[in-house]
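Contents: one structure, followed by commentary.
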Amino acid sequence: MDMSSRLAVWQELAQSCGLATVEQGMQQVWRLLLLCLLCRLYFRLGGVSTLKHMVSALTGIYGLFLFFEFHVLWVLFLSALCYLALLLTQRSSSRGLFLSAIILIFLLTGELHFIDLQTWHKIRGSQMVVAMKAISLAFDLDRGTVSSLPSPAEFLGYIFFVGTAVFGPWITFSSYMTSTQGKKLSWSWLQSSFLSLLKSQICLVVSTCIAPYLFPLFIPIHGNATTQRWMRAYENAVSFHFSNYFVGHLSEGTTMLAGAGFTEEKDNTRWDMSVVKPLSVEVPRSMVLVVTSWNIPMSQWLKTYVFKNAMRLGTFPAILVTYTASALLHGLSFHLGAVLLSLGFITYVEHVLRKRLAAIFSSCILSRPCPSDCGHQHKKEFWVMLLNMLFGFLTIFHLTYLGSMFDPGVDKEEVEKGYPAIHTIQRWSELNWASHWVVIVSWVFYRLIQ
């Protein structure tokens, strides 16, 4: 295909897919954005705090209704169950563990016995946000970070805060309470919110209209059957990545638009909510940084409320517990469970191997960048940068393999119900289970040099 033909195809794709995708995306979210703005303005006007919490809850519930209609009742039921559990355990010092067990039973019951799996999976994201907020609140009460059980209005306002109710992300109870104080309207607030929303639409277009045609139209690379399978797997992975960035940037925008997602330095308010870091995923240093950059608030939640509590079991068991908790929150989905547990093994093996190599060569090749005052002799030599680059390419290889199953060409109804196990096994077997074999070889190599 010559350049003129390629340009014609790009133009047709932009008109038939790009514009339609943006238009459809805005049609779905403009009412939610309006609700976020109304909540922000009401917070700014001041008034009785109880009314602020009720406005937060009501706008959030209506936002959920716009997307899920009367299925929002399941989310309401979960939130009521959580508050009832907190009320009954006010004198307990293990509210976090007790509430986690209650939520887990509720979610597993829904997964196993809910008649319409498509509907259950549709509301699963919002259920997960409610679960994360309630569990974090329970642990904060146990630790004394939150002094006393919030009132029903405060709890509902936090759980259904309109900026996070539909697309997330998780925010702490203290962050929500600070947002209700109503920071003054500013250009930086509007600019940050708009920029995140713009990035979300760009990511949606890339996921829908560019990634599925990456190699045939944008990067004309051809090869044998094996190469074609890996290129197709990379396209699937990139499409899935950018769909996640779309949700992440959209949640940044809605959170800031509703008045949360800022940090304060003396008299300066910075609207700097960050949910995803696409560059750290697409041009990675390590799988460890990919995991933390994929969903920053959830990574913080898992580290604070799962990993640290499980560290008494040891590092590797704590990692497995953390990824298992993440898999359970995402639902009983074989493909997500397989990906998340595989990620647990990959990140652990990568971490210990690079730590050992960094000690042997006294070089800055750890999974995370070294601080400027580290004790390694070799920091920015060419071979050090080359090793880090090789590990980065290895991370891209793992991401391509893990993302190969998220095929945008699969029937939408099948995706909403969850990919069947055979789909995952088939995709990975087509790639000869390459990533898992690399992890096994890396582990054996680490044990030999330990």
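Lettering and numbering for the structure tokens are positional, with chains as A, B, ... in the shown order, residues counted from 1 in each chain, and ligands counted from 1 in the shown order.
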- Picked from stretch 177-247 of chain A by DSSP as helix (DSSP H, G or I), as a PyMOL selection string: chain A and resi 177-179+187-218+225-247
Select from stretch 40-85 of chain A every residue with an atom at most 9 Å from any atom of stretch 102-122 of chain A, then for each give the shortest pair of atoms and their distance in Å to one decimal, using only C-alpha atoms, rows by chain and rising number, as CSV.
residue,atom,partner,partner_atom,distance
A:Phe68,CA,A:Lys122,CA,7.8
A:His71,CA,A:Thr119,CA,7.6
A:Trp74,CA,A:Trp120,CA,8.9
A:Leu78,CA,A:Phe106,CA,7.7
A:Leu81,CA,A:Ile102,CA,8.4
A:Cys82,CA,A:Ile103,CA,7.5
A:Ala85,CA,A:Ile102,CA,8.0
Save out the residues we just selected, N, CA, C and O atoms, as a PDB file, in the first residue's frame.
ATOM      1  N   PHE A  68     -26.486   2.350  35.060  1.00  0.00           N
ATOM      2  CA  PHE A  68     -26.897   0.989  35.397  1.00  0.00           C
ATOM      3  C   PHE A  68     -28.394   0.857  35.636  1.00  0.00           C
ATOM      4  O   PHE A  68     -28.872  -0.245  35.914  1.00  0.00           O
ATOM      5  N   HIS A  71     -30.350  -1.511  38.317  1.00  0.00           N
ATOM      6  CA  HIS A  71     -29.338  -2.422  38.861  1.00  0.00           C
ATOM      7  C   HIS A  71     -28.481  -1.728  39.909  1.00  0.00           C
ATOM      8  O   HIS A  71     -27.715  -2.383  40.612  1.00  0.00           O
ATOM      9  N   TRP A  74     -28.265  -3.020  43.626  1.00  0.00           N
ATOM     10  CA  TRP A  74     -27.271  -3.946  44.169  1.00  0.00           C
ATOM     11  C   TRP A  74     -26.123  -3.187  44.820  1.00  0.00           C
ATOM     12  O   TRP A  74     -25.596  -3.609  45.863  1.00  0.00           O
ATOM     13  N   LEU A  78     -25.075  -3.260  48.852  1.00  0.00           N
ATOM     14  CA  LEU A  78     -23.720  -3.503  49.354  1.00  0.00           C
ATOM     15  C   LEU A  78     -23.294  -2.410  50.325  1.00  0.00           C
ATOM     16  O   LEU A  78     -22.717  -2.693  51.382  1.00  0.00           O
ATOM     17  N   LEU A  81     -25.058  -2.861  53.602  1.00  0.00           N
ATOM     18  CA  LEU A  81     -24.478  -4.000  54.300  1.00  0.00           C
ATOM     19  C   LEU A  81     -23.171  -3.610  54.979  1.00  0.00           C
ATOM     20  O   LEU A  81     -22.900  -4.008  56.122  1.00  0.00           O
ATOM     21  N   CYS A  82     -22.364  -2.813  54.290  1.00  0.00           N
ATOM     22  CA  CYS A  82     -21.083  -2.369  54.844  1.00  0.00           C
ATOM     23  C   CYS A  82     -21.289  -1.502  56.088  1.00  0.00           C
ATOM     24  O   CYS A  82     -20.604  -1.682  57.103  1.00  0.00           O
ATOM     25  N   ALA A  85     -22.431  -3.566  59.040  1.00  0.00           N
ATOM     26  CA  ALA A  85     -21.310  -4.318  59.617  1.00  0.00           C
ATOM     27  C   ALA A  85     -20.437  -3.420  60.482  1.00  0.00           C
ATOM     28  O   ALA A  85     -19.975  -3.832  61.555  1.00  0.00           O
TER      29      ALA A  85
END
- Step one, run DSSP on the backbone; step two, keep only residues of stretch 80-269 of chain A assigned to strand (DSSP E or B); then write them as a list in words. Thr263, Glu264, Glu265, Asn268 and Thr269 of chain A
- Task: Between A:Ser174, A:Ser363, A:Asn309, A:Gln228, single out the one closest to A:Asn388, counting only C-alpha atoms.
- Result: A:Ser363
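Of the residues listed (A:Leu33, A:Leu279, A:Ile449, A:Ala434), A:Ile449 shows the shortest atom-to-atom separation from A:Lys355; distances use only C-alpha atoms.
Take atom CA of A:Ser243 and atom CA of A:Thr172: the distance between them is 25.0 Å.
Of the listed residues A:Val22, A:Ala101, A:Ile123, A:Ala153, the one whose atoms come nearest to A:Ser56 is A:Ala153, with distances taken using only C-alpha atoms.
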Show me, as a tab-separated table, the residues of stretch 289-386 of chain A having an atom within 9 Å of stretch 125-141 of chain A, each with the closest atom pair and its distance in Å, using only C-alpha atoms.
residue	atom	partner	partner_atom	distance
A:Met298	CA	A:Met132	CA	8.5
A:Trp301	CA	A:Ser136	CA	7.6
A:Thr304	CA	A:Ser136	CA	8.7
A:Tyr305	CA	A:Ser136	CA	6.7
A:Leu329	CA	A:Met128	CA	5.9
A:His330	CA	A:Met128	CA	7.1
A:Gly331	CA	A:Met128	CA	8.9
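Between atom CA of A:Leu320 and atom CA of A:Ser299 the interatomic distance comes to 14.2 Å.
Put simply, atom CA of A:Phe218 is 20.0 Å away from atom CA of A:Gly403.
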- Message: Taking only C-alpha atoms into account, name the residue in A:Asn236, A:Gln450, A:Thr322, A:Thr255 that is nearest to A:Leu399.
- Response: A:Asn236
- Message: Just want the 12 Å neighbourhood of A:Ser188, counted on only C-alpha atoms, with same-chain residues fewer than 6 positions away dropped. Output as a PyMOL selection string.
- Response: chain A and resi 194-195+256-257+262+268-272
Now that the selection is made, can you save its residues with all heavy atoms as a compact mmCIF listing (two decimals), in the first residue's frame?
# COMPACT_ATOMS: atom_id res chain seq x y z
N PHE A 194 -10.19 19.44 32.56
CA PHE A 194 -10.39 19.36 31.11
C PHE A 194 -9.28 18.55 30.45
O PHE A 194 -9.55 17.76 29.53
CB PHE A 194 -10.45 20.77 30.52
CG PHE A 194 -10.55 20.79 29.01
CD1 PHE A 194 -11.76 20.53 28.39
CD2 PHE A 194 -9.43 21.05 28.23
CE1 PHE A 194 -11.86 20.53 27.01
CE2 PHE A 194 -9.52 21.05 26.85
CZ PHE A 194 -10.73 20.80 26.23
N LEU A 195 -8.04 18.73 30.90
CA LEU A 195 -6.92 18.01 30.30
C LEU A 195 -7.07 16.51 30.50
O LEU A 195 -6.82 15.72 29.57
CB LEU A 195 -5.60 18.51 30.90
CG LEU A 195 -4.33 17.90 30.31
CD1 LEU A 195 -4.22 18.20 28.82
CD2 LEU A 195 -3.09 18.44 31.04
N MET A 256 -11.62 15.38 39.90
CA MET A 256 -11.22 16.77 40.08
C MET A 256 -12.37 17.72 39.79
O MET A 256 -12.53 18.74 40.47
CB MET A 256 -10.01 17.09 39.18
CG MET A 256 -8.73 16.43 39.64
SD MET A 256 -7.25 16.95 38.74
CE MET A 256 -7.53 16.16 37.16
N LEU A 257 -13.18 17.39 38.79
CA LEU A 257 -14.32 18.25 38.47
C LEU A 257 -15.30 18.33 39.64
O LEU A 257 -15.93 19.37 39.86
CB LEU A 257 -15.03 17.72 37.22
CG LEU A 257 -16.01 18.67 36.52
CD1 LEU A 257 -15.28 19.89 35.99
CD2 LEU A 257 -16.74 17.94 35.39
N PHE A 262 -6.75 16.81 44.88
CA PHE A 262 -5.77 17.90 44.93
C PHE A 262 -4.84 17.71 46.12
O PHE A 262 -5.15 16.95 47.05
CB PHE A 262 -6.47 19.27 45.04
CG PHE A 262 -7.34 19.40 46.27
CD1 PHE A 262 -6.82 19.82 47.48
CD2 PHE A 262 -8.70 19.10 46.20
CE1 PHE A 262 -7.61 19.94 48.61
CE2 PHE A 262 -9.50 19.21 47.33
CZ PHE A 262 -8.96 19.63 48.54
N ASN A 268 -0.82 26.98 48.42
CA ASN A 268 -0.95 26.61 47.02
C ASN A 268 -1.71 25.29 46.89
O ASN A 268 -1.35 24.29 47.52
CB ASN A 268 0.43 26.49 46.37
CG ASN A 268 0.33 26.17 44.89
OD1 ASN A 268 -0.59 26.63 44.22
ND2 ASN A 268 1.28 25.40 44.39
N THR A 269 -2.77 25.30 46.11
CA THR A 269 -3.56 24.08 45.85
C THR A 269 -3.22 23.56 44.46
O THR A 269 -3.38 24.28 43.47
CB THR A 269 -5.07 24.36 45.95
OG1 THR A 269 -5.37 24.86 47.26
CG2 THR A 269 -5.87 23.10 45.70
N ARG A 270 -2.77 22.32 44.40
CA ARG A 270 -2.40 21.71 43.12
C ARG A 270 -3.41 20.62 42.78
O ARG A 270 -3.59 19.67 43.54
CB ARG A 270 -0.99 21.10 43.20
CG ARG A 270 0.12 22.10 43.44
CD ARG A 270 1.46 21.39 43.63
NE ARG A 270 1.73 20.48 42.53
CZ ARG A 270 2.66 19.52 42.57
NH1 ARG A 270 3.35 19.32 43.68
NH2 ARG A 270 2.87 18.75 41.53
N TRP A 271 -4.05 20.78 41.64
CA TRP A 271 -5.00 19.78 41.16
C TRP A 271 -4.21 18.76 40.33
O TRP A 271 -4.05 18.91 39.12
CB TRP A 271 -6.10 20.44 40.34
CG TRP A 271 -6.92 21.37 41.18
CD1 TRP A 271 -6.70 22.70 41.40
CD2 TRP A 271 -8.07 21.03 41.95
NE1 TRP A 271 -7.63 23.21 42.25
CE2 TRP A 271 -8.51 22.21 42.61
CE3 TRP A 271 -8.79 19.85 42.15
CZ2 TRP A 271 -9.61 22.24 43.44
CZ3 TRP A 271 -9.90 19.87 42.98
CH2 TRP A 271 -10.29 21.05 43.61
N ASP A 272 -3.72 17.74 41.00
CA ASP A 272 -2.76 16.82 40.39
C ASP A 272 -3.17 15.36 40.54
O ASP A 272 -2.31 14.49 40.71
CB ASP A 272 -1.37 17.04 41.00
CG ASP A 272 -1.39 16.93 42.53
OD1 ASP A 272 -2.47 16.69 43.10
OD2 ASP A 272 -0.32 17.08 43.15
- Message: List the spatial neighbours of stretch 23-28 of chain A as a PyMOL selection string - criterion: any atom at most 9 Å away, only C-alpha atoms, same-chain residues fewer than 3 positions off excluded.
- Response: chain A and resi 18-20+31-32+66-67+201+204
Can those selected residues be exported to a file as a PDB file, in the first residue's frame so that it contains N, CA and C atoms?
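File produced: result_26.pdb:
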ATOM      1  N   GLY A  18     -13.090   7.442  14.352  1.00  0.00           N
ATOM      2  CA  GLY A  18     -12.616   8.417  15.331  1.00  0.00           C
ATOM      3  C   GLY A  18     -13.685   9.368  15.806  1.00  0.00           C
ATOM      4  N   LEU A  19     -14.340  10.063  14.877  1.00  0.00           N
ATOM      5  CA  LEU A  19     -15.361  11.044  15.245  1.00  0.00           C
ATOM      6  C   LEU A  19     -16.557  10.370  15.911  1.00  0.00           C
ATOM      7  N   ALA A  20     -16.948   9.217  15.378  1.00  0.00           N
ATOM      8  CA  ALA A  20     -18.086   8.487  15.958  1.00  0.00           C
ATOM      9  C   ALA A  20     -17.776   8.034  17.380  1.00  0.00           C
ATOM     10  N   ARG A  31     -23.681  13.896  31.080  1.00  0.00           N
ATOM     11  CA  ARG A  31     -24.563  14.111  32.231  1.00  0.00           C
ATOM     12  C   ARG A  31     -23.833  13.844  33.548  1.00  0.00           C
ATOM     13  N   LEU A  32     -22.931  12.870  33.541  1.00  0.00           N
ATOM     14  CA  LEU A  32     -22.127  12.624  34.730  1.00  0.00           C
ATOM     15  C   LEU A  32     -21.223  13.814  35.017  1.00  0.00           C
ATOM     16  N   LEU A  66     -27.812   6.522  35.898  1.00  0.00           N
ATOM     17  CA  LEU A  66     -27.701   6.855  34.480  1.00  0.00           C
ATOM     18  C   LEU A  66     -27.000   5.754  33.693  1.00  0.00           C
ATOM     19  N   PHE A  67     -26.084   5.042  34.349  1.00  0.00           N
ATOM     20  CA  PHE A  67     -25.323   4.004  33.658  1.00  0.00           C
ATOM     21  C   PHE A  67     -25.914   2.606  33.871  1.00  0.00           C
ATOM     22  N   GLN A 201     -10.416  10.883  26.079  1.00  0.00           N
ATOM     23  CA  GLN A 201     -11.002  10.715  24.748  1.00  0.00           C
ATOM     24  C   GLN A 201      -9.955  10.297  23.722  1.00  0.00           C
ATOM     25  N   LEU A 204      -9.376   6.674  24.213  1.00  0.00           N
ATOM     26  CA  LEU A 204     -10.500   5.896  23.684  1.00  0.00           C
ATOM     27  C   LEU A 204     -10.370   5.718  22.175  1.00  0.00           C
TER      28      LEU A 204
END
- Spatial neighbours of A:Tyr245, 7 Å, only C-alpha atoms, chain gap at least 5 places, as a ChimeraX atom specification: /A:200,203,276,278
Dump all heavy atoms for the selected residues as an mmCIF file, in the first residue's frame?
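Wrote it out as again-v2.cif, contents follow:
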data_model
loop_
_atom_site.group_PDB
_atom_site.id
_atom_site.type_symbol
_atom_site.label_atom_id
_atom_site.label_comp_id
_atom_site.auth_asym_id
_atom_site.auth_seq_id
_atom_site.Cartn_x
_atom_site.Cartn_y
_atom_site.Cartn_z
ATOM 1 N N SER A 200 -8.552 11.287 28.122
ATOM 2 C CA SER A 200 -9.386 10.089 28.128
ATOM 3 C C SER A 200 -9.990 9.831 26.748
ATOM 4 O O SER A 200 -10.032 8.680 26.287
ATOM 5 C CB SER A 200 -10.495 10.220 29.183
ATOM 6 O OG SER A 200 -11.504 11.126 28.769
ATOM 7 N N CYS A 203 -7.302 8.507 24.386
ATOM 8 C CA CYS A 203 -7.021 7.097 24.665
ATOM 9 C C CYS A 203 -8.138 6.197 24.137
ATOM 10 O O CYS A 203 -7.881 5.093 23.655
ATOM 11 C CB CYS A 203 -6.837 6.884 26.166
ATOM 12 S SG CYS A 203 -5.322 7.613 26.837
ATOM 13 N N VAL A 276 -3.410 6.931 36.205
ATOM 14 C CA VAL A 276 -2.601 6.080 35.321
ATOM 15 C C VAL A 276 -1.403 6.863 34.794
ATOM 16 O O VAL A 276 -1.452 8.091 34.690
ATOM 17 C CB VAL A 276 -3.430 5.532 34.130
ATOM 18 C CG1 VAL A 276 -4.461 4.539 34.586
ATOM 19 C CG2 VAL A 276 -4.067 6.672 33.350
ATOM 20 N N PRO A 278 0.529 6.215 31.454
ATOM 21 C CA PRO A 278 0.672 5.390 30.248
ATOM 22 C C PRO A 278 2.118 5.198 29.800
ATOM 23 O O PRO A 278 2.492 4.097 29.357
ATOM 24 C CB PRO A 278 -0.128 6.170 29.195
ATOM 25 C CG PRO A 278 -1.131 6.938 29.990
ATOM 26 C CD PRO A 278 -0.425 7.320 31.255
#
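Nearest to A:Leu41 of all the residues A:Thr180, A:Gly223, A:Glu69, A:Ala80 is A:Thr180, counting only C-alpha atoms.
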- Measuring atom to atom with only C-alpha atoms, identify which of A:Leu353, A:Leu13, A:Leu341, A:Val444 is nearest to A:Tyr213. A:Leu13
